[in-house]
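Undergrad: Here's a structure for you.
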Amino acid sequence: MGNKVLIIDDDHDILETTGSILAYEGFEIHSADSVERGLELAGKISPDIVLLDIMFPESKTQGFDAARAIKARYPQLPIIVLTAINREYAFEFTKEDIKVEEFLNKPVRTKKLIELIRLHTGPDPV
Amino acid sequence: MAPLARLDVSEYTNLNNVVRWLITLRWIAAAGVFLVLCGARIAYPSVFPLAVLFTLNAALALLNALFQIHFQAVKHGNLSKSELAVFFNVQICSDYLLLLLLLYFTGFVENPFAYFFVFHILLTAYIFSTGLVFLYVGGLVVVLAAGAAASYVHLIPHFPFFLGPQAAYLGELLPRTVGVCATLVISGYLGTSIRKRLEEKAQRVEVELDRYKSLDKIKSHFLLQVTHELRGPLAAVKGYHEMIDRGITGPVGSKTLETVGRATRRTDNLLTMIDEMIDYAYMQNDKISFEPANVNLHDLIASNIEALAPQALAKRIRFDVRCAPDLVVSASRDLGTIVLSNLLSNAVRYSPEGSSVTVSAVQESTEVCLEVKDHGIGMTPEEMEHIFEEFYRTRRAREMERDGTGLGLSIIKKAVETIGGRITVASQVDRGSTFHIYFPRREPGGQ
């Protein structure tokens, strides 16, 4: 089985497409459609990496709060932010940089995403 | 209330410039008086007390010289508002006094130059509040009337302007005084009310401008929000295309694959347009603060070429890059990306299949010149005059690529100007276009 990828996004279509494509590439996929559910899953399954959206129905920047919470509990767990808003624009909401490993704009190219997941998780466990 | 400190010039007028203007006008007036006196000395050598008049003329010039020296000495010509108020009052008072004295020795209200007070009053109305203007006008009218009355009863000597009999002067004294005084009061009224109207107009313009600015801000913010929101659904659409394309959803025939390929291409076009609109809204946002940083041009080119790889691959377009790996420019990563991504994306879109795009950068004495050369559709000289205008697309560009916003080059130009660089273009129809971007070189000692 491949590395465990936890995807947190409120858009079910994104969960389905990104999840299916990454599963097809051999990753073990776990999905959460809310930040609460994502944090709960993170505790249960100990993922190797988190793909995190920023804008959630609750707030435009809930993803940043989630990133902070994840980093506080699991400092070694890498996070790739996948969002429709660009980084500078996100700063207008948060006024602070968020310490995440990568910040990618949707739609992201699969090749690039897989490269970055491999970069931050190392080779797949056998 | 300190009326002498009540300056009431509209905010749109730079008071320091008004001081400079007053001093210049006074030099002209002093020169004019000097010429008139020289003329009088030749034409009427024995009529006027010329020694006194030349002395007054010299006093005017001397005072103006003092004003100028004072103005230049104090804070290099920048006075505070209260200092300016005192300075204006001293200047205006001395102007009134000197003209009054010049008139007194040359026939007083009998002298047609008495109407020159109109200019003083208009200047006063330009500078001071309505109350202070009428204080000046009232004071002047009282002094003129008192002077006329005193000369009528021979309390003070009269220096005639016309060489006619003294009786005629006395007979005309009342209507002349009334005429001069009425003119001064009316010009005071006209001067202040015209200024008030202009100020009201300026205020309305200011209010409108504020409204327009806030509307423009709302528009940019709206555009930014909407375009960001559009990216999410598009990401899902692209994801589903990819699932079909990779066979994740099950085996598909070649016809379906081709159809999905077309759908993907249009989706990519839509995404490019959305990104252009995001860049456009981002560049419109006056909050963007540009802090020049040292950006590695080689890396910037490489990352933007990589981002364009799918589109370039689909058209078999080859990038030929010539750039030293350590070439650094003064820009910002965001603005550099806006420039490169839009420029390279244009080159790919408007080049024929299988052609090449050359990207080269060389360091010149004060700038770094980036050249992007394609072998695409090119432009006519007439079209080149418009390409940096928002929403402009050439006819051939529209024919070749149906989808497009026509914002790309205007965004590039704005980003380049924000960086402090410049852009030039050379093009020939069917031969291709060459864009040159001149980036400022990085500051020596910078990190």
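Within each chain, counting starts at residue 1; across the structure tokens, chains are named A, B, ... in the order shown, with ligands numbered 1 upward in that order.
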Would you kindly return, as a list in words, each protein, DNA or RNA residue with an atom no farther than 7 Å from any atom of stretch 308-317 of chain B, considering only C-alpha atoms and excluding same-chain residues fewer than 6 positions away?

TA: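 Non-adjacent residues within range: Ser345, Val348, Glu353, Gly354, Ser355 and Ser356 of chain B.
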
Undergrad: Could the residues of chain A within 12 Å of chain B, counting only C-alpha atoms, be given as a PyMOL selection string, please?

TA: chain A and resi 9-25+53-56+60+82-92+104-112

Undergrad: Skipping near chain neighbours, those fewer than 5 positions away, what residues fall within 7 Å of A:Asp48 using only C-alpha atoms, listed as a list of chain:residue names?

TA: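 In the requested form, the answer reads A:Asn3, A:Lys4, A:Val5, A:Leu77, A:Thr121.
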
Undergrad: Quick one: residues within 12 Å of B:Phe119, only C-alpha atoms, excluding same-chain residues fewer than 3 positions away - as an MDAnalysis selection string?

TA: chainID B and resid 22 25:26 29 92 95:96 99 113:116 122:126 137 183:184 187:188 191

Undergrad: Hey, which of B:Gly336, B:Pro381, B:Gly404, B:Gly138 ends up closest to B:Tyr438? Count only C-alpha atoms.

TA: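 Under the stated criterion, the closest residue is B:Gly336.
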
Undergrad: In Å to one decimal, how far is atom CA of B:Pro352 from atom CA of B:Asp430?

TA: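 So the two atoms, atom CA of B:Asp430 and atom CA of B:Pro352, lie 9.8 Å apart.
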
Undergrad: So which residues touch B:Met384 within 9 Å, counting only C-alpha atoms, skipping near sequence neighbours fewer than 3 positions away, as a list in words?

TA: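 Result of the neighbour search: Met379, Thr380, Pro381, Ile387, Phe388, Thr394, Val425, Ala426 and Ser427 of chain B.
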
Undergrad: Would you mind exporting C-alpha atoms of the selected residues as a PDB file, in the first residue's frame?

TA:
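Saved result, result-v3.pdb, follows:
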ATOM      1  CA  MET B 379       1.039  42.074 -35.745  1.00  0.00           C
ATOM      2  CA  THR B 380       0.702  45.014 -38.091  1.00  0.00           C
ATOM      3  CA  PRO B 381       2.191  48.381 -37.028  1.00  0.00           C
ATOM      4  CA  ILE B 387      -1.852  45.946 -27.957  1.00  0.00           C
ATOM      5  CA  PHE B 388      -1.264  47.338 -24.470  1.00  0.00           C
ATOM      6  CA  THR B 394      -6.035  41.700 -32.957  1.00  0.00           C
ATOM      7  CA  VAL B 425       7.800  45.110 -28.917  1.00  0.00           C
ATOM      8  CA  ALA B 426       8.825  44.417 -32.497  1.00  0.00           C
ATOM      9  CA  SER B 427       6.626  42.368 -34.772  1.00  0.00           C
TER      10      SER B 427
END

Undergrad: Can you work out which one of B:Tyr280, B:Asp245, B:Pro160, B:Thr418 has the shortest atom-to-atom distance to B:Thr264, counting only C-alpha atoms?

TA: B:Asp245

Undergrad: List every residue of chain A that DSSP, applied to the backbone, labels as strand (DSSP E or B), and write the result as a PyMOL selection string.

TA: chain A and resi 4-8+28-32+49-52+79-83+102-105

Undergrad: One decimal, Å: what's the distance from atom CA of A:Ile80 over to atom CA of B:Gly261, could you say?

TA: 28.0 Å

Undergrad: Figure out the distance between atom CA of B:Ile305 and atom CA of B:Ile244, please, to one decimal in Å.

TA: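 If I compute the distance from atom CA of B:Ile244 to atom CA of B:Ile305, I get 26.4 Å.
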
Undergrad: Residues near A:Ala42, anyone? I mean within 10 Å using only C-alpha atoms, not counting same-chain ones fewer than 5 positions away, as a ChimeraX atom specification.

TA: /A:5-6,30,32,36-37,47-50,70,73-74,77

Undergrad: Run DSSP on the backbone and tell me which residues of stretch 39-80 of chain A come out as helix (DSSP H, G or I); list them as number ranges by chain.

TA: A: 39-45, 62-73

Undergrad: Using C-alpha atoms, can you write the selected residues to a file as a PDB file, in the first residue's frame?

TA:
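Output below, filename part_9.pdb:
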ATOM      1  CA  LEU A  39      -8.672  16.638  12.390  1.00  0.00           C
ATOM      2  CA  GLU A  40     -10.464  13.588  13.778  1.00  0.00           C
ATOM      3  CA  LEU A  41      -9.207  11.401  10.885  1.00  0.00           C
ATOM      4  CA  ALA A  42      -5.690  12.768  11.259  1.00  0.00           C
ATOM      5  CA  GLY A  43      -5.663  11.398  14.817  1.00  0.00           C
ATOM      6  CA  LYS A  44      -7.069   8.021  13.793  1.00  0.00           C
ATOM      7  CA  ILE A  45      -5.166   7.088  10.664  1.00  0.00           C
ATOM      8  CA  GLN A  62     -10.876  27.967   8.077  1.00  0.00           C
ATOM      9  CA  GLY A  63      -8.165  26.000   6.285  1.00  0.00           C
ATOM     10  CA  PHE A  64      -5.519  28.244   7.840  1.00  0.00           C
ATOM     11  CA  ASP A  65      -6.896  27.505  11.314  1.00  0.00           C
ATOM     12  CA  ALA A  66      -6.871  23.820  10.419  1.00  0.00           C
ATOM     13  CA  ALA A  67      -3.236  24.066   9.251  1.00  0.00           C
ATOM     14  CA  ARG A  68      -2.298  25.691  12.573  1.00  0.00           C
ATOM     15  CA  ALA A  69      -4.132  23.022  14.553  1.00  0.00           C
ATOM     16  CA  ILE A  70      -2.506  20.184  12.578  1.00  0.00           C
ATOM     17  CA  LYS A  71       0.968  21.698  12.934  1.00  0.00           C
ATOM     18  CA  ALA A  72       0.420  22.173  16.680  1.00  0.00           C
ATOM     19  CA  ARG A  73      -0.509  18.503  17.185  1.00  0.00           C
TER      20      ARG A  73
END

Undergrad: Just the residues within 8 Å of stretch 371-376 of chain B, please, counting only C-alpha atoms, with nothing from its chain fewer than 5 positions along; format it as a PDB file with C-alpha atoms, in the first residue's frame.

TA:
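Saved to around.pdb:
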ATOM      1  CA  LEU B 343       4.142  36.623 -21.944  1.00  0.00           C
ATOM      2  CA  LEU B 344       4.975  32.931 -22.429  1.00  0.00           C
ATOM      3  CA  ALA B 347       3.789  33.121 -27.227  1.00  0.00           C
ATOM      4  CA  TYR B 350      -0.238  32.531 -31.013  1.00  0.00           C
ATOM      5  CA  SER B 351       2.539  30.313 -32.417  1.00  0.00           C
ATOM      6  CA  PRO B 352       1.988  27.623 -35.031  1.00  0.00           C
ATOM      7  CA  SER B 355       7.506  26.083 -33.808  1.00  0.00           C
ATOM      8  CA  SER B 356       9.958  27.346 -31.219  1.00  0.00           C
ATOM      9  CA  VAL B 357       9.902  30.177 -28.683  1.00  0.00           C
ATOM     10  CA  THR B 358      13.226  31.701 -27.701  1.00  0.00           C
ATOM     11  CA  VAL B 359      13.583  33.112 -24.194  1.00  0.00           C
ATOM     12  CA  SER B 360      16.890  34.830 -23.568  1.00  0.00           C
ATOM     13  CA  ALA B 361      18.142  37.216 -20.942  1.00  0.00           C
ATOM     14  CA  ASP B 430       3.343  35.929 -40.099  1.00  0.00           C
ATOM     15  CA  ARG B 431       6.974  36.222 -38.944  1.00  0.00           C
ATOM     16  CA  GLY B 432       6.371  36.529 -35.238  1.00  0.00           C
ATOM     17  CA  SER B 433       6.750  38.951 -32.361  1.00  0.00           C
ATOM     18  CA  THR B 434       9.666  39.821 -30.114  1.00  0.00           C
ATOM     19  CA  PHE B 435       9.046  41.344 -26.714  1.00  0.00           C
ATOM     20  CA  HIS B 436      11.819  42.963 -24.714  1.00  0.00           C
ATOM     21  CA  ILE B 437      11.351  43.458 -20.998  1.00  0.00           C
TER      22      ILE B 437
END
